[in-house]
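Heads up, the thing below is written out as structure tokens.
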Amino acid sequence: MTVAGEAARIAAPDEAVSLDELRLAARNHGMPLEALRYDVTPPGLHYLLVHYDIPFIDPASWQLRVGGHVRSPLVLDLAALRARPAVSRTVTLECAGNGRARLVPRPVSQPWLDEAVGTARWTGTSLAPLLREAGVLDGAVDVAFTGHDHGTERGVEQDYQRALSLPDALSEDVLLAYEMNGAPLPPQHGAPVRLIVPGWYGMAHVKWLREITVSDAPFTGFQNAVAYRLRQSADSPGGGEPVTRIQPRALVIPPGFPDFMTRRRVLDAGQVTLSGRAWSGRAPLTAVSLSTDGGASWTTATLGPATERHAWHSWTATWQAAPGEYELCARATDAEGDQPVDPPWNMQGMANNMVQRVPVTVR
Ligand SMILES: Nc1nc2c(c(=O)[nH]1)N[C@H]1C(S)=C(S)[C@@H](COP(=O)(O)O)O[C@H]1N2
Ligand SMILES: [Mo]
């Protein structure tokens, strides 16, 4: 079967969001943006993305296999993983498809606007010592992570599976997590054990882990070779750049109160403290700027400290709001550059980190 040419369908210029997209959006919910107030997102408010079904797994009989190009393959149950040294990290996760629904024309898939993000305190054990114990053999290049979930995607039947290069898999950051915010993982977030790859877009954080396979040949599975690629056209060289680390983004905590249907914000004139969160996986965050006139002019916000490298920062800015109509924009800058004002288009609608626009009426 050839999969290399398969890409998301591109919607016609005037094509509305379909029932298929609505069904995906209803299953895979975003984080309500008012939850940007929490340093650590309560699990029910964290965004959710599940390609197929949430598997039903008995934690008591669950096992993880570590094998492939290794000297001594391992089989671990949950008790064995929990008996290993525990590590906790606060990590901001964002779906690579965040921002997709704002692209014109729109790649047809999960239609996120700005809300596919959340920050959790993940507890588990480091992957690297486990791989060292299994004894990775000379010539190993990639490490594949396989979930318990199964489905078809653009005609290709598959287990959800993603690989990291061996150096990325051996990074001390990478965790096999069994707790989210101090409690066992909820079913939808990968119970009993998921991968956490701090700084990377969501697709790398494989949930419902079943198997870890070291290979001496480059991994060519669908999610690495076809799905998570930045392609301008079906014949982009090499299938397009792989999607890896999270691009910078800032979001505003919606000020005032909303209109039910349009979500337009209403607030009273006077001094307003605007605040929000910003993050970047690709490079350390350096600044957040704020605009109240749709990006025509910018002021510098006050950036809070990073509690951990891959947890979002808070930011605040003061605004003397006079009655009128406004469009708020927040823009993050990291050591590699600014968040773009115009959407970066690609065929799968990945990594669109264009600045957020929040319409506001001051009364
Ligand atoms: N096994 C498995 N892991 C998965 C997925 C999946 O469908 N199956 N979705 C991935 C994607 S695309 C994202 S964005 C994150 C979402 O993690 P969350 O639902 O815990 O927020 O999980 C990733 N891990
Ligand atoms: Mo995702």
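Residues in the structure tokens are numbered from 1 in each chain, the chains being A, B, ... in the order shown, and ligands are numbered from 1 in the order shown.
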
Kindly provide, as a PDB file with all heavy atoms, in the first residue's frame, all nucleotide and amino acid residues lying within 9 Å of ligand 2, counting only C-alpha atoms and all ligand atoms.
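As written to disk, result.pdb reads:
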ATOM      1  N   LEU A  48      -8.138  17.397  25.192  1.00  0.00           N
ATOM      2  CA  LEU A  48      -8.145  15.953  24.969  1.00  0.00           C
ATOM      3  C   LEU A  48      -8.061  15.674  23.487  1.00  0.00           C
ATOM      4  O   LEU A  48      -8.803  16.282  22.696  1.00  0.00           O
ATOM      5  CB  LEU A  48      -9.453  15.381  25.527  1.00  0.00           C
ATOM      6  CG  LEU A  48      -9.635  13.879  25.390  1.00  0.00           C
ATOM      7  CD1 LEU A  48      -8.651  13.150  26.280  1.00  0.00           C
ATOM      8  CD2 LEU A  48     -11.057  13.488  25.741  1.00  0.00           C
ATOM      9  N   LEU A  49      -7.183  14.780  23.094  1.00  0.00           N
ATOM     10  CA  LEU A  49      -7.196  14.309  21.710  1.00  0.00           C
ATOM     11  C   LEU A  49      -6.942  12.815  21.628  1.00  0.00           C
ATOM     12  O   LEU A  49      -5.942  12.307  22.129  1.00  0.00           O
ATOM     13  CB  LEU A  49      -6.197  15.025  20.802  1.00  0.00           C
ATOM     14  CG  LEU A  49      -6.622  14.709  19.349  1.00  0.00           C
ATOM     15  CD1 LEU A  49      -6.962  15.903  18.553  1.00  0.00           C
ATOM     16  CD2 LEU A  49      -5.683  13.780  18.674  1.00  0.00           C
ATOM     17  N   VAL A  50      -7.903  12.128  20.999  1.00  0.00           N
ATOM     18  CA  VAL A  50      -7.875  10.671  20.856  1.00  0.00           C
ATOM     19  C   VAL A  50      -8.140  10.371  19.380  1.00  0.00           C
ATOM     20  O   VAL A  50      -9.222  10.686  18.885  1.00  0.00           O
ATOM     21  CB  VAL A  50      -8.981  10.047  21.743  1.00  0.00           C
ATOM     22  CG1 VAL A  50      -9.040   8.536  21.551  1.00  0.00           C
ATOM     23  CG2 VAL A  50      -8.788  10.412  23.215  1.00  0.00           C
ATOM     24  N   HIS A  51      -7.189   9.794  18.670  1.00  0.00           N
ATOM     25  CA  HIS A  51      -7.393   9.495  17.241  1.00  0.00           C
ATOM     26  C   HIS A  51      -8.501   8.454  17.045  1.00  0.00           C
ATOM     27  O   HIS A  51      -9.316   8.586  16.140  1.00  0.00           O
ATOM     28  CB  HIS A  51      -6.107   8.959  16.611  1.00  0.00           C
ATOM     29  CG  HIS A  51      -5.088  10.026  16.299  1.00  0.00           C
ATOM     30  ND1 HIS A  51      -4.550  10.193  15.056  1.00  0.00           N
ATOM     31  CD2 HIS A  51      -4.519  10.980  17.071  1.00  0.00           C
ATOM     32  CE1 HIS A  51      -3.671  11.197  15.064  1.00  0.00           C
ATOM     33  NE2 HIS A  51      -3.639  11.687  16.293  1.00  0.00           N
ATOM     34  N   GLU A  94       0.473  20.655  23.961  1.00  0.00           N
ATOM     35  CA  GLU A  94      -0.367  21.319  22.965  1.00  0.00           C
ATOM     36  C   GLU A  94      -0.482  20.409  21.762  1.00  0.00           C
ATOM     37  O   GLU A  94       0.518  19.811  21.332  1.00  0.00           O
ATOM     38  CB  GLU A  94       0.259  22.663  22.554  1.00  0.00           C
ATOM     39  CG  GLU A  94      -0.595  23.423  21.560  1.00  0.00           C
ATOM     40  CD  GLU A  94      -0.011  24.778  21.148  1.00  0.00           C
ATOM     41  OE1 GLU A  94       1.162  25.055  21.447  1.00  0.00           O
ATOM     42  OE2 GLU A  94      -0.757  25.536  20.499  1.00  0.00           O
ATOM     43  N   CYS A  95      -1.681  20.310  21.196  1.00  0.00           N
ATOM     44  CA  CYS A  95      -1.873  19.505  19.982  1.00  0.00           C
ATOM     45  C   CYS A  95      -1.258  20.249  18.805  1.00  0.00           C
ATOM     46  O   CYS A  95      -1.432  21.468  18.664  1.00  0.00           O
ATOM     47  CB  CYS A  95      -3.356  19.246  19.744  1.00  0.00           C
ATOM     48  SG  CYS A  95      -3.664  18.246  18.267  1.00  0.00           S
ATOM     49  N   ALA A  96      -0.565  19.496  17.940  1.00  0.00           N
ATOM     50  CA  ALA A  96       0.060  20.101  16.753  1.00  0.00           C
ATOM     51  C   ALA A  96      -1.002  20.708  15.833  1.00  0.00           C
ATOM     52  O   ALA A  96      -0.702  21.579  15.020  1.00  0.00           O
ATOM     53  CB  ALA A  96       0.883  19.066  16.003  1.00  0.00           C
ATOM     54  N   GLY A  97      -2.257  20.235  15.968  1.00  0.00           N
ATOM     55  CA  GLY A  97      -3.333  20.760  15.118  1.00  0.00           C
ATOM     56  C   GLY A  97      -3.983  22.018  15.657  1.00  0.00           C
ATOM     57  O   GLY A  97      -4.886  22.576  15.022  1.00  0.00           O
ATOM     58  N   ASN A  98      -3.514  22.495  16.826  1.00  0.00           N
ATOM     59  CA  ASN A  98      -4.101  23.715  17.382  1.00  0.00           C
ATOM     60  C   ASN A  98      -4.003  24.834  16.342  1.00  0.00           C
ATOM     61  O   ASN A  98      -2.943  25.020  15.740  1.00  0.00           O
ATOM     62  CB  ASN A  98      -3.370  24.115  18.676  1.00  0.00           C
ATOM     63  CG  ASN A  98      -4.229  24.954  19.604  1.00  0.00           C
ATOM     64  OD1 ASN A  98      -5.439  25.091  19.386  1.00  0.00           O
ATOM     65  ND2 ASN A  98      -3.627  25.511  20.641  1.00  0.00           N
ATOM     66  N   GLN A 110      -9.552  17.427  12.897  1.00  0.00           N
ATOM     67  CA  GLN A 110      -9.988  18.025  14.162  1.00  0.00           C
ATOM     68  C   GLN A 110      -9.894  19.565  14.065  1.00  0.00           C
ATOM     69  O   GLN A 110      -8.799  20.101  13.902  1.00  0.00           O
ATOM     70  CB  GLN A 110      -9.100  17.485  15.278  1.00  0.00           C
ATOM     71  CG  GLN A 110      -9.221  18.191  16.606  1.00  0.00           C
ATOM     72  CD  GLN A 110     -10.506  17.878  17.353  1.00  0.00           C
ATOM     73  OE1 GLN A 110     -11.097  16.824  17.171  1.00  0.00           O
ATOM     74  NE2 GLN A 110     -10.954  18.809  18.167  1.00  0.00           N
ATOM     75  N   ALA A 116      -6.367  23.921  22.201  1.00  0.00           N
ATOM     76  CA  ALA A 116      -5.844  22.552  22.361  1.00  0.00           C
ATOM     77  C   ALA A 116      -4.564  22.564  23.181  1.00  0.00           C
ATOM     78  O   ALA A 116      -3.478  22.246  22.691  1.00  0.00           O
ATOM     79  CB  ALA A 116      -5.609  21.913  21.004  1.00  0.00           C
ATOM     80  N   TYR A 201       5.157  18.682  20.574  1.00  0.00           N
ATOM     81  CA  TYR A 201       3.710  18.676  20.328  1.00  0.00           C
ATOM     82  C   TYR A 201       3.113  17.347  20.785  1.00  0.00           C
ATOM     83  O   TYR A 201       3.814  16.320  20.889  1.00  0.00           O
ATOM     84  CB  TYR A 201       3.420  18.895  18.844  1.00  0.00           C
ATOM     85  CG  TYR A 201       3.424  20.357  18.430  1.00  0.00           C
ATOM     86  CD1 TYR A 201       4.342  20.841  17.518  1.00  0.00           C
ATOM     87  CD2 TYR A 201       2.488  21.254  18.966  1.00  0.00           C
ATOM     88  CE1 TYR A 201       4.333  22.178  17.126  1.00  0.00           C
ATOM     89  CE2 TYR A 201       2.472  22.586  18.579  1.00  0.00           C
ATOM     90  CZ  TYR A 201       3.387  23.059  17.658  1.00  0.00           C
ATOM     91  OH  TYR A 201       3.387  24.376  17.282  1.00  0.00           O
ATOM     92  N   GLY A 202       1.799  17.366  21.038  1.00  0.00           N
ATOM     93  CA  GLY A 202       1.074  16.268  21.678  1.00  0.00           C
ATOM     94  C   GLY A 202       1.265  14.889  21.082  1.00  0.00           C
ATOM     95  O   GLY A 202       1.322  13.902  21.820  1.00  0.00           O
ATOM     96  N   MET A 203       1.372  14.813  19.741  1.00  0.00           N
ATOM     97  CA  MET A 203       1.385  13.488  19.080  1.00  0.00           C
ATOM     98  C   MET A 203       2.503  12.587  19.573  1.00  0.00           C
ATOM     99  O   MET A 203       2.419  11.361  19.460  1.00  0.00           O
ATOM    100  CB  MET A 203       1.459  13.641  17.543  1.00  0.00           C
ATOM    101  CG  MET A 203       2.807  14.085  16.992  1.00  0.00           C
ATOM    102  SD  MET A 203       3.151  15.831  17.228  1.00  0.00           S
ATOM    103  CE  MET A 203       4.935  15.877  17.172  1.00  0.00           C
ATOM    104  N   ALA A 204       3.592  13.180  20.131  1.00  0.00           N
ATOM    105  CA  ALA A 204       4.736  12.378  20.590  1.00  0.00           C
ATOM    106  C   ALA A 204       4.468  11.691  21.924  1.00  0.00           C
ATOM    107  O   ALA A 204       5.143  10.722  22.269  1.00  0.00           O
ATOM    108  CB  ALA A 204       5.974  13.271  20.715  1.00  0.00           C
TER     109      ALA A 204
END

Please return, as a VMD selection string, all residues of range 108-267 of chain A that DSSP assigns to alpha helix (DSSP H) on the basis of the backbone. chain A and resid 127 to 134 166 to 169 222

Writer output for current selection, C-alpha atoms, as a PDB file, in the first residue's frame:
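Final file, result13.pdb:
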ATOM      1  CA  LEU A 127      12.733   6.212  30.138  1.00  0.00           C
ATOM      2  CA  ALA A 128      16.532   6.427  29.618  1.00  0.00           C
ATOM      3  CA  PRO A 129      17.605   4.120  32.497  1.00  0.00           C
ATOM      4  CA  LEU A 130      15.061   1.539  31.341  1.00  0.00           C
ATOM      5  CA  LEU A 131      16.492   1.583  27.812  1.00  0.00           C
ATOM      6  CA  ARG A 132      19.999   1.287  29.255  1.00  0.00           C
ATOM      7  CA  GLU A 133      18.879  -1.733  31.290  1.00  0.00           C
ATOM      8  CA  ALA A 134      17.458  -3.382  28.188  1.00  0.00           C
ATOM      9  CA  LEU A 166      17.411   7.201  19.879  1.00  0.00           C
ATOM     10  CA  PRO A 167      19.079  10.428  21.151  1.00  0.00           C
ATOM     11  CA  ASP A 168      15.649  12.046  21.729  1.00  0.00           C
ATOM     12  CA  ALA A 169      14.380   8.900  23.508  1.00  0.00           C
ATOM     13  CA  PHE A 222       2.091   6.525   9.394  1.00  0.00           C
TER      14      PHE A 222
END

Restricting the calculation to only C-alpha atoms and all ligand atoms: of A:Arg282, A:Arg9, A:Arg331, A:Arg162, which residue gets closest to ligand 1?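 Once distances to ligand 1 are computed over only C-alpha atoms and all ligand atoms, the minimum belongs to A:Arg162.
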
Fewer than 3 positions away in the same chain doesn't count, so skip those; otherwise give me all residues within 9 Å of Gly44 in chain A, counting only C-alpha atoms, as a ChimeraX atom specification. /A:31,41,47

Closest of A:Ala163, A:Leu303, A:Trp345, A:Gly190 to Ala217 in chain A, counting only C-alpha atoms, is A:Ala163

Who sits within 8 Å of Leu137 in chain A, only C-alpha atoms, same chain under 4 positions skipped, as a list in words: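 Listing them by chain and then by number gives His69, Val70 and Arg71 of chain A.
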
Out of A:Gln271, A:Thr152, A:Asp334, A:Leu176, which residue has the shortest atom-to-atom distance to Gln223 in chain A when counting only C-alpha atoms? A:Thr152

Filtered DSSP result for range 42-92 of chain A, state strand (DSSP E or B), as a ChimeraX atom specification: /A:63-68,70,74-77,87-92

Residues as selected, C-alpha atoms, written as a PDB file, in the first residue's frame, can you do that?
ATOM      1  CA  GLN A  63       2.213  -5.036  30.878  1.00  0.00           C
ATOM      2  CA  LEU A  64       4.807  -3.014  29.012  1.00  0.00           C
ATOM      3  CA  ARG A  65       7.245  -4.766  26.666  1.00  0.00           C
ATOM      4  CA  VAL A  66      10.634  -3.235  25.861  1.00  0.00           C
ATOM      5  CA  GLY A  67      12.282  -5.044  22.972  1.00  0.00           C
ATOM      6  CA  GLY A  68      13.592  -4.940  19.422  1.00  0.00           C
ATOM      7  CA  VAL A  70      18.260  -4.669  22.554  1.00  0.00           C
ATOM      8  CA  LEU A  74      12.051  -6.470  29.405  1.00  0.00           C
ATOM      9  CA  VAL A  75       8.464  -7.000  30.481  1.00  0.00           C
ATOM     10  CA  LEU A  76       7.213  -4.706  33.249  1.00  0.00           C
ATOM     11  CA  ASP A  77       3.902  -4.465  35.049  1.00  0.00           C
ATOM     12  CA  VAL A  87      10.193  11.814  38.778  1.00  0.00           C
ATOM     13  CA  SER A  88       7.590  14.603  38.507  1.00  0.00           C
ATOM     14  CA  ARG A  89       7.546  17.337  35.861  1.00  0.00           C
ATOM     15  CA  THR A  90       5.123  20.150  35.070  1.00  0.00           C
ATOM     16  CA  VAL A  91       4.671  20.133  31.298  1.00  0.00           C
ATOM     17  CA  THR A  92       2.521  22.144  28.892  1.00  0.00           C
TER      18      THR A  92
END

Shortest interatomic distance to ligand 1 - which of A:Ala80, A:Leu36, A:Ala25, A:Leu195, counting only C-alpha atoms and all ligand atoms: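 Among the listed residues, A:Leu195 lies closest to ligand 1.
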
Identify, on the basis of only C-alpha atoms, every residue whose closest approach to Ala8 in chain A does not exceed 8 Å; exclude the query and any residue fewer than 3 positions from it along the same chain; express the result as a ChimeraX atom specification. /A:107-109,154,347-348

Just the selected residues (N, CA, C and O atoms), exported as a compact mmCIF listing (two decimals), in the first residue's frame, please.
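File again.txt, as written:
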# COMPACT_ATOMS: atom_id res chain seq x y z
N PRO A 107 -7.61 22.50 6.09
CA PRO A 107 -7.42 21.05 6.02
C PRO A 107 -8.48 20.39 6.91
O PRO A 107 -8.68 20.81 8.05
N VAL A 108 -9.18 19.38 6.38
CA VAL A 108 -10.30 18.78 7.10
C VAL A 108 -9.77 17.75 8.10
O VAL A 108 -9.22 16.72 7.72
N SER A 109 -9.91 18.07 9.37
CA SER A 109 -9.48 17.20 10.48
C SER A 109 -10.05 17.84 11.74
O SER A 109 -10.92 18.70 11.67
N ARG A 154 -7.08 7.69 6.96
CA ARG A 154 -6.83 7.89 5.52
C ARG A 154 -6.48 6.57 4.83
O ARG A 154 -5.51 6.47 4.09
N MET A 347 -0.47 21.49 4.43
CA MET A 347 -1.57 20.61 4.01
C MET A 347 -2.31 19.91 5.14
O MET A 347 -3.46 19.53 4.98
N GLN A 348 -1.62 19.66 6.28
CA GLN A 348 -2.30 18.96 7.38
C GLN A 348 -2.82 19.95 8.42
O GLN A 348 -3.43 19.54 9.40

From the set A:Ile57, A:Cys329, A:Val272, A:Val40, which residue has the shortest atom-to-atom contact distance to Ala120 in chain A, counting only C-alpha atoms?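 The shortest atom-to-atom distance to Ala120 in chain A comes from A:Val40.
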